[in-house]
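Q: Submitted below is the structure of interest, expressed as structure tokens.
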Amino acid sequence: MRDLWYSEKYEEDVKFSVKVTQHLYSEKTPFQQIDFFDSKTFGRFFTLDGFMMVTEKDEFIYHEMITHVAMAVNPEVKRVLIIGGGDGGTAREILRYKTIKKVDLVEIDERVVRLCQQYLPLTAAPFDHDNRLVLHFQDGLDFVQTAKNNSYDLILVDSTDPIGPGEGLFTYDFYHHCERLLSNVGILINQHESPYYESDAYEMKRSHAKIKASFPIAKVYQFHMPTYPSGHWLFGFASKKYDPIKDLKSDKWESLGLYTKYYNTKLHQGAFMLPTYVKEGLENV
Ligand code: AAT
């Protein structure tokens with residue numbers, strides 16, 4: 001039998017490939033093409049429209065970094081809104097905090113949730129086990145347009161890239177409503193693309209300019225994500241009051257005793273120290 005490879009094009013002349021042991025499932029929904037695969041090195045993984053979303057091997061990096069940075073700055077967070085994140089990994093990490101009262105998760109495509117429940121229990125477990133989590137199958141932009149002022153302490157935008165259904169989540173309108181929905185100590189974390197390849201860096205700059213215009217504090221932090229283009233990925237940290245480093249509550253966070261495989265409070269500070277070309281790219285927007 002011939003070898004089967006999953007390949008993702010990063011640039012016209014650059015591809016990333018993983019040898020597939022089995023192509024488990026494929027479905028075209030009204031929103032996107034969903035595929036699940038098995039592989040030896042990355043375990044099970046799923047793609048949307050041919051782009052890598054989650055692998056069993058490195059999902060902990062992304063999901064720890066999208067949640068714990070904000071929680072170590074404001075451990076008082078109680079009300080959380082997740083936009084996207086249909087695989088459940090972000091919900092799983094945030095629900096580790098006993099102090100969280102309610103999580104609204106707004107996912108445009110119910111099929112992502114249902115298929116992850118079936119194929120990716122590593123991330124989808126909280127969908128069955130935690131009644132603090134409420135699912136809404138709706139476009140994130142529509143949801144924030146109608147939600148009430150001051151209804152969340154933390155918003156986590158765990159979205160696809162700004163092409164296809166994720167496009168509206170990278171607009172001024174979306175960030176404006178996030179600002180309105182957050183309390184006066186609110187924090188917004190968003191999937192902020194990669195600085196490395198040109199098309200990703202263009203999106204990184206565009207979203208930073210918009211977030212900077214919507215929040216008094218707008219920073220960017222980095223992490224290492226082996227299965228995303230270039231492996232160098234960013235989240236945005238925007239806030240009304242808290243600075244991610246000056247207001248970091250290391251002792252308080254450490255006293256919670258949460259074991260994390262990637263995140264720690266020293267790395268938290270280092271993650272905001274960006275390479276010169278990334279800093280320059282973000283300053284000139
Ligand atoms: N946890 C990491 C996985 C993702 S998946 C992002 C999710 O966002 C998908 O399930 C997709 O259906 C959902 N989504 C896309 N657009 C919208 C929208 N407008 N409203 C609500 N949900 C949406 C993130 C991967 C990051 C990839 C980086 N290359």
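Ordering of the structure tokens sets the chain letters (A, B, ...), residue numbers begin anew at 1 in every chain, and ligands are numbered from 1 in the order given.
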Which chain A residues have any atom within 7 Å of an atom of ligand 1, and for each, what is the nearest pair of atoms with distance in Å to one decimal, counting only C-alpha atoms and all ligand atoms, rows sorted by chain and number, as CSV?
A:
```
residue,atom,partner,partner_atom_place_in_ligand_line,distance
A:Phe51,CA,ligand 1,29 (N),6.9
A:Met52,CA,ligand 1,29 (N),6.6
A:Met53,CA,ligand 1,25 (C),4.5
A:Val54,CA,ligand 1,3 (C),5.6
A:His63,CA,ligand 1,1 (N),6.6
A:Ile83,CA,ligand 1,21 (C),5.3
A:Gly84,CA,ligand 1,8 (O),3.4
A:Gly85,CA,ligand 1,7 (C),4.6
A:Gly86,CA,ligand 1,10 (O),4.2
A:Asp87,CA,ligand 1,1 (N),5.8
A:Gly88,CA,ligand 1,1 (N),6.9
A:Gly89,CA,ligand 1,1 (N),5.7
A:Thr90,CA,ligand 1,1 (N),6.1
A:Val106,CA,ligand 1,21 (C),5.5
A:Glu107,CA,ligand 1,22 (N),3.9
A:Ile108,CA,ligand 1,21 (C),4.0
A:Asp109,CA,ligand 1,12 (O),4.9
A:Val112,CA,ligand 1,10 (O),5.5
A:Gln138,CA,ligand 1,21 (C),6.2
A:Asp139,CA,ligand 1,20 (N),3.8
A:Gly140,CA,ligand 1,20 (N),3.6
A:Leu141,CA,ligand 1,19 (N),6.0
A:Asp158,CA,ligand 1,24 (C),5.2
A:Ser159,CA,ligand 1,8 (O),3.8
A:Thr160,CA,ligand 1,6 (C),4.3
A:Asp161,CA,ligand 1,28 (C),5.7
A:Pro165,CA,ligand 1,16 (N),4.1
A:Gly166,CA,ligand 1,16 (N),3.4
A:Glu167,CA,ligand 1,19 (N),6.7
A:Gly168,CA,ligand 1,19 (N),5.9
A:Leu169,CA,ligand 1,19 (N),5.9
A:Gln191,CA,ligand 1,26 (C),6.6
A:Glu193,CA,ligand 1,28 (C),6.4
A:Tyr228,CA,ligand 1,29 (N),5.7
```
Q: Choose the residue, out of A:Leu120, A:Met71, A:Ala238, A:Val220, that has the smallest atom-to-atom separation from Met273 of chain A; count only C-alpha atoms.
A: A:Val220
Q: Extract, using only C-alpha atoms, all DNA, RNA and protein residues at most 10 Å from Glu93 of chain A, discarding same-chain residues fewer than 3 positions from it, and format them as a PyMOL selection string.
A: chain A and resi 60+63-68+88-90+96-97+123+126+260
Q: Create the file for the chosen residues now, containing C-alpha atoms and written as a PDB file, in the first residue's frame.
A:
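To be explicit, this is the file written out as again-v7.pdb:
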```
ATOM      1  CA  PHE A  60      -1.380  21.264  25.791  1.00  0.00           C
ATOM      2  CA  HIS A  63      -4.523  25.449  25.550  1.00  0.00           C
ATOM      3  CA  GLU A  64      -2.354  26.194  28.574  1.00  0.00           C
ATOM      4  CA  MET A  65      -1.045  29.398  27.038  1.00  0.00           C
ATOM      5  CA  ILE A  66      -4.476  30.708  26.028  1.00  0.00           C
ATOM      6  CA  THR A  67      -5.837  30.330  29.598  1.00  0.00           C
ATOM      7  CA  HIS A  68      -3.240  30.458  32.381  1.00  0.00           C
ATOM      8  CA  GLY A  88     -12.952  21.734  24.144  1.00  0.00           C
ATOM      9  CA  GLY A  89      -9.261  22.162  25.063  1.00  0.00           C
ATOM     10  CA  THR A  90      -9.599  25.786  26.180  1.00  0.00           C
ATOM     11  CA  ARG A  96      -9.557  23.523  36.228  1.00  0.00           C
ATOM     12  CA  TYR A  97     -10.070  26.675  38.334  1.00  0.00           C
ATOM     13  CA  THR A 123      -9.842  17.874  24.683  1.00  0.00           C
ATOM     14  CA  PRO A 126     -15.547  18.891  29.690  1.00  0.00           C
ATOM     15  CA  THR A 260       1.017  22.643  33.915  1.00  0.00           C
TER      16      THR A 260
END
```
Q: Considering only C-alpha atoms, state which residue in the set A:Val278, A:Leu115, A:Ile217, A:Cys178 is at the smallest distance from Ser194 of chain A.
A: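 Counting only C-alpha atoms, the residue closest to Ser194 of chain A is A:Val278.
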Q: Could you tell me which of A:Phe143, A:Phe16, A:Tyr119, A:Tyr263 comes closest to His177 of chain A if we count only C-alpha atoms?
A: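 Looking only at the distances to His177 of chain A, the closest residue turns out to be A:Phe143.
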Q: I need the residues in segment 148-214 of chain A that are strand (DSSP E) according to DSSP; give them as a list in words.
A: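 Matching residues for strand (DSSP E) in segment 148-214 of chain A are Tyr152, Asp153, Leu154, Ile155, Leu156, Val157, Asp158, Leu182, Ser183, Asn184, Val185, Gly186, Ile187, Leu188, Ile189, Asn190 and Gln191 of chain A.
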Q: Since we have the selection now, will you write its residues out, keeping N, CA and C atoms, as a tab-separated table (two decimals), in the first residue's frame?
A:
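Below you can see out_26.tsv, which holds the result:
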```tsv
chain	number	residue	atom	x	y	z
A	152	TYR	N	-18.74	39.67	31.42
A	152	TYR	CA	-17.63	38.71	31.56
A	152	TYR	C	-16.39	39.38	32.17
A	153	ASP	N	-15.58	38.53	32.84
A	153	ASP	CA	-14.29	39.00	33.36
A	153	ASP	C	-13.16	38.64	32.40
A	154	LEU	N	-13.42	37.64	31.56
A	154	LEU	CA	-12.38	37.16	30.65
A	154	LEU	C	-13.03	36.66	29.36
A	155	ILE	N	-12.46	37.08	28.21
A	155	ILE	CA	-12.90	36.55	26.91
A	155	ILE	C	-11.70	35.88	26.25
A	156	LEU	N	-11.87	34.63	25.84
A	156	LEU	CA	-10.81	33.89	25.16
A	156	LEU	C	-11.24	33.62	23.73
A	157	VAL	N	-10.56	34.22	22.78
A	157	VAL	CA	-10.92	34.03	21.38
A	157	VAL	C	-10.03	32.92	20.79
A	158	ASP	N	-10.62	31.73	20.76
A	158	ASP	CA	-9.90	30.53	20.29
A	158	ASP	C	-10.43	30.22	18.90
A	182	LEU	N	-16.81	43.28	28.65
A	182	LEU	CA	-15.91	42.98	29.77
A	182	LEU	C	-16.13	43.93	30.95
A	183	SER	N	-15.87	43.42	32.16
A	183	SER	CA	-15.92	44.26	33.37
A	183	SER	C	-14.74	45.24	33.33
A	184	ASN	N	-14.67	46.14	34.32
A	184	ASN	CA	-13.60	47.16	34.27
A	184	ASN	C	-12.21	46.59	34.57
A	185	VAL	N	-12.14	45.31	34.98
A	185	VAL	CA	-10.82	44.67	35.10
A	185	VAL	C	-10.68	43.54	34.05
A	186	GLY	N	-11.53	43.61	33.03
A	186	GLY	CA	-11.61	42.51	32.06
A	186	GLY	C	-10.36	42.32	31.20
A	187	ILE	N	-10.17	41.07	30.77
A	187	ILE	CA	-9.03	40.71	29.91
A	187	ILE	C	-9.55	39.98	28.66
A	188	LEU	N	-8.95	40.33	27.52
A	188	LEU	CA	-9.26	39.64	26.26
A	188	LEU	C	-7.98	38.94	25.77
A	189	ILE	N	-8.07	37.64	25.55
A	189	ILE	CA	-6.95	36.91	24.94
A	189	ILE	C	-7.41	36.45	23.56
A	190	ASN	N	-6.58	36.68	22.55
A	190	ASN	CA	-7.01	36.22	21.22
A	190	ASN	C	-5.90	35.51	20.45
A	191	GLN	N	-6.31	34.55	19.63
A	191	GLN	CA	-5.43	33.84	18.71
A	191	GLN	C	-4.88	34.88	17.74
```
Q: Write out as a list in words the residues lying within 8 Å of segment 202-214 of chain A, counting only C-alpha atoms and excluding same-chain residues fewer than 2 positions away.
A: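 Listing them by chain and then by number gives Pro162, Phe170, Thr171, Tyr172, Tyr175, His176, Glu179, His192, Glu193, Ser194, Pro195, Glu198, Ser199, Asp200, Pro216, Ile217, Ala218, Gly236, Ala238, Gly281, Leu282 and Val285 of chain A.
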Q: Could you save the residues just selected, with N, CA and C atoms, as a PDB file, in the first residue's frame?
A:
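As a result, part_26.pdb now contains:
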```pdb
ATOM      1  N   PRO A 162      -8.159  34.308  10.008  1.00  0.00           N
ATOM      2  CA  PRO A 162      -9.146  35.246   9.448  1.00  0.00           C
ATOM      3  C   PRO A 162      -9.513  35.003   7.982  1.00  0.00           C
ATOM      4  N   PHE A 170     -11.966  39.051  13.594  1.00  0.00           N
ATOM      5  CA  PHE A 170     -10.749  39.858  13.508  1.00  0.00           C
ATOM      6  C   PHE A 170     -11.109  41.289  13.084  1.00  0.00           C
ATOM      7  N   THR A 171     -12.311  41.743  13.447  1.00  0.00           N
ATOM      8  CA  THR A 171     -12.765  43.065  12.991  1.00  0.00           C
ATOM      9  C   THR A 171     -12.857  44.068  14.154  1.00  0.00           C
ATOM     10  N   TYR A 172     -12.863  45.354  13.810  1.00  0.00           N
ATOM     11  CA  TYR A 172     -13.056  46.408  14.814  1.00  0.00           C
ATOM     12  C   TYR A 172     -14.350  46.192  15.580  1.00  0.00           C
ATOM     13  N   TYR A 175     -13.957  43.519  18.301  1.00  0.00           N
ATOM     14  CA  TYR A 175     -13.163  43.952  19.460  1.00  0.00           C
ATOM     15  C   TYR A 175     -13.905  45.013  20.271  1.00  0.00           C
ATOM     16  N   HIS A 176     -14.623  45.874  19.582  1.00  0.00           N
ATOM     17  CA  HIS A 176     -15.408  46.899  20.276  1.00  0.00           C
ATOM     18  C   HIS A 176     -16.426  46.239  21.207  1.00  0.00           C
ATOM     19  N   GLU A 179     -14.831  44.645  24.267  1.00  0.00           N
ATOM     20  CA  GLU A 179     -14.511  45.684  25.259  1.00  0.00           C
ATOM     21  C   GLU A 179     -15.758  46.018  26.078  1.00  0.00           C
ATOM     22  N   HIS A 192      -3.567  35.104  17.772  1.00  0.00           N
ATOM     23  CA  HIS A 192      -2.999  36.301  17.143  1.00  0.00           C
ATOM     24  C   HIS A 192      -2.082  36.004  15.969  1.00  0.00           C
ATOM     25  N   GLU A 193      -2.174  34.793  15.423  1.00  0.00           N
ATOM     26  CA  GLU A 193      -1.397  34.433  14.232  1.00  0.00           C
ATOM     27  C   GLU A 193       0.099  34.339  14.531  1.00  0.00           C
ATOM     28  N   SER A 194       0.886  34.207  13.458  1.00  0.00           N
ATOM     29  CA  SER A 194       2.331  33.998  13.592  1.00  0.00           C
ATOM     30  C   SER A 194       3.092  35.157  12.964  1.00  0.00           C
ATOM     31  N   PRO A 195       4.253  35.479  13.534  1.00  0.00           N
ATOM     32  CA  PRO A 195       5.016  36.593  12.955  1.00  0.00           C
ATOM     33  C   PRO A 195       5.884  36.180  11.770  1.00  0.00           C
ATOM     34  N   GLU A 198       5.023  35.530   5.690  1.00  0.00           N
ATOM     35  CA  GLU A 198       4.494  36.846   5.349  1.00  0.00           C
ATOM     36  C   GLU A 198       2.981  37.000   5.515  1.00  0.00           C
ATOM     37  N   SER A 199       2.219  35.993   5.040  1.00  0.00           N
ATOM     38  CA  SER A 199       0.762  36.170   5.080  1.00  0.00           C
ATOM     39  C   SER A 199       0.265  36.148   6.532  1.00  0.00           C
ATOM     40  N   ASP A 200       0.874  35.317   7.387  1.00  0.00           N
ATOM     41  CA  ASP A 200       0.487  35.283   8.802  1.00  0.00           C
ATOM     42  C   ASP A 200       0.872  36.597   9.492  1.00  0.00           C
ATOM     43  N   PRO A 216      -6.927  50.032  26.285  1.00  0.00           N
ATOM     44  CA  PRO A 216      -5.782  50.833  26.751  1.00  0.00           C
ATOM     45  C   PRO A 216      -4.496  50.013  26.872  1.00  0.00           C
ATOM     46  N   ILE A 217      -4.611  48.731  27.206  1.00  0.00           N
ATOM     47  CA  ILE A 217      -3.420  47.884  27.292  1.00  0.00           C
ATOM     48  C   ILE A 217      -3.544  46.796  26.224  1.00  0.00           C
ATOM     49  N   ALA A 218      -2.569  46.721  25.328  1.00  0.00           N
ATOM     50  CA  ALA A 218      -2.609  45.697  24.265  1.00  0.00           C
ATOM     51  C   ALA A 218      -1.202  45.167  24.041  1.00  0.00           C
ATOM     52  N   GLY A 236      -2.742  37.464  21.759  1.00  0.00           N
ATOM     53  CA  GLY A 236      -2.826  38.857  22.183  1.00  0.00           C
ATOM     54  C   GLY A 236      -3.366  38.900  23.605  1.00  0.00           C
ATOM     55  N   ALA A 238      -5.142  41.775  25.849  1.00  0.00           N
ATOM     56  CA  ALA A 238      -5.652  43.142  25.896  1.00  0.00           C
ATOM     57  C   ALA A 238      -6.467  43.293  27.168  1.00  0.00           C
ATOM     58  N   GLY A 281       7.648  44.868  13.976  1.00  0.00           N
ATOM     59  CA  GLY A 281       6.453  44.644  13.157  1.00  0.00           C
ATOM     60  C   GLY A 281       5.199  45.140  13.861  1.00  0.00           C
ATOM     61  N   LEU A 282       5.149  44.946  15.185  1.00  0.00           N
ATOM     62  CA  LEU A 282       3.955  45.342  15.939  1.00  0.00           C
ATOM     63  C   LEU A 282       3.937  46.839  16.239  1.00  0.00           C
ATOM     64  N   VAL A 285       2.414  49.495  13.339  1.00  0.00           N
ATOM     65  CA  VAL A 285       1.081  49.258  12.758  1.00  0.00           C
ATOM     66  C   VAL A 285       0.213  50.492  12.956  1.00  0.00           C
TER      67      VAL A 285
END
```
Q: Taking the DSSP assignment computed from this structure's backbone, write out as a VMD selection string all residues of segment 4-189 of chain A that belong to alpha helix (DSSP H).
A: chain A and resid 59 to 73 89 to 94 110 to 119 121 to 124 126 to 129 140 to 146 172 to 181
Q: Output C-alpha atoms of each residue in that selection to a file, as a compact mmCIF listing (two decimals), in the first residue's frame.
A:
```
# COMPACT_ATOMS: atom_id res chain seq x y z
CA GLU A 59 -2.44 20.73 22.17
CA PHE A 60 -1.38 21.26 25.79
CA ILE A 61 0.92 24.10 24.73
CA TYR A 62 -1.80 26.10 22.97
CA HIS A 63 -4.52 25.45 25.55
CA GLU A 64 -2.35 26.19 28.57
CA MET A 65 -1.05 29.40 27.04
CA ILE A 66 -4.48 30.71 26.03
CA THR A 67 -5.84 30.33 29.60
CA HIS A 68 -3.24 30.46 32.38
CA VAL A 69 -1.57 33.75 31.41
CA ALA A 70 -4.79 35.69 32.03
CA MET A 71 -5.68 33.65 35.14
CA ALA A 72 -2.31 34.38 36.75
CA VAL A 73 -2.89 38.10 36.18
CA GLY A 89 -9.26 22.16 25.06
CA THR A 90 -9.60 25.79 26.18
CA ALA A 91 -12.72 24.97 28.22
CA ARG A 92 -10.89 22.03 29.82
CA GLU A 93 -8.03 24.25 31.02
CA ILE A 94 -10.17 27.14 32.30
CA GLU A 110 -21.79 22.19 16.19
CA ARG A 111 -20.23 19.36 14.15
CA VAL A 112 -16.75 20.30 15.47
CA VAL A 113 -18.00 19.73 19.03
CA ARG A 114 -19.84 16.50 18.25
CA LEU A 115 -16.96 15.01 16.25
CA CYS A 116 -14.38 15.98 18.88
CA GLN A 117 -16.56 14.27 21.50
CA GLN A 118 -16.32 11.16 19.37
CA TYR A 119 -12.71 11.35 18.17
CA PRO A 121 -11.86 12.93 24.20
CA LEU A 122 -8.52 14.37 25.39
CA THR A 123 -9.84 17.87 24.68
CA ALA A 124 -13.62 17.30 24.52
CA PRO A 126 -15.55 18.89 29.69
CA PHE A 127 -18.52 18.88 27.32
CA ASP A 128 -19.89 15.86 29.17
CA HIS A 129 -18.66 16.46 32.69
CA GLY A 140 -19.19 34.65 17.69
CA LEU A 141 -19.68 38.06 16.12
CA ASP A 142 -23.49 37.76 16.36
CA PHE A 143 -23.20 36.61 19.98
CA VAL A 144 -21.09 39.57 21.14
CA GLN A 145 -23.29 42.05 19.27
CA THR A 146 -26.29 41.12 21.41
CA TYR A 172 -13.06 46.41 14.81
CA ASP A 173 -16.71 45.66 15.45
CA PHE A 174 -15.86 42.40 17.23
CA TYR A 175 -13.16 43.95 19.46
CA HIS A 176 -15.41 46.90 20.28
CA HIS A 177 -18.12 44.55 21.54
CA CYS A 178 -15.59 42.49 23.52
CA GLU A 179 -14.51 45.68 25.26
CA ARG A 180 -18.15 46.50 26.04
CA LEU A 181 -18.88 43.00 27.41
```
Q: I want to know what sits within 8 Å of segment 38-42 of chain A, based on only C-alpha atoms, with residues of the same chain fewer than 4 positions away left out; could you give that as a list in words?
A: Val18, Lys19, Val20, Thr21, Gln22, His23, Leu24, Thr55, Glu56, Lys57 and Asp58 of chain A
Q: So which residues touch Gln269 of chain A within 9 Å, counting only C-alpha atoms, skipping near sequence neighbours fewer than 3 positions away, as a PyMOL selection string?
A: chain A and resi 244-245+248+265-266+272-273
Q: Can you measure atom CA of Tyr25 of chain A to atom CA of Leu95 of chain A for me? One decimal in Å is fine.
A: 28.7 Å
Q: For Leu105 of chain A, please output as a VMD selection string all residues within 7 Å (counting only C-alpha atoms; exclusion window: fewer than 3 positions along the same chain).
A: chain A and resid 81 to 83 134 to 136
Q: Would you please work out which residue, of A:Asp3, A:Tyr196, A:Gln33, A:His268, is nearest to Gly231 of chain A when using only C-alpha atoms?
A: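 Comparing A:Asp3, A:Tyr196, A:Gln33, A:His268 against Gly231 of chain A, the winner is A:Tyr196.
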Q: Please indicate the distance in Å from atom CA of Gly164 of chain A to atom CA of Asn284 of chain A, rounded to one decimal place.
A: 26.9 Å
Q: With distances taken over only C-alpha atoms, which residue among A:Tyr197, A:Ser239, A:Trp233, A:Thr29 lies nearest Phe215 of chain A?
A: A:Ser239
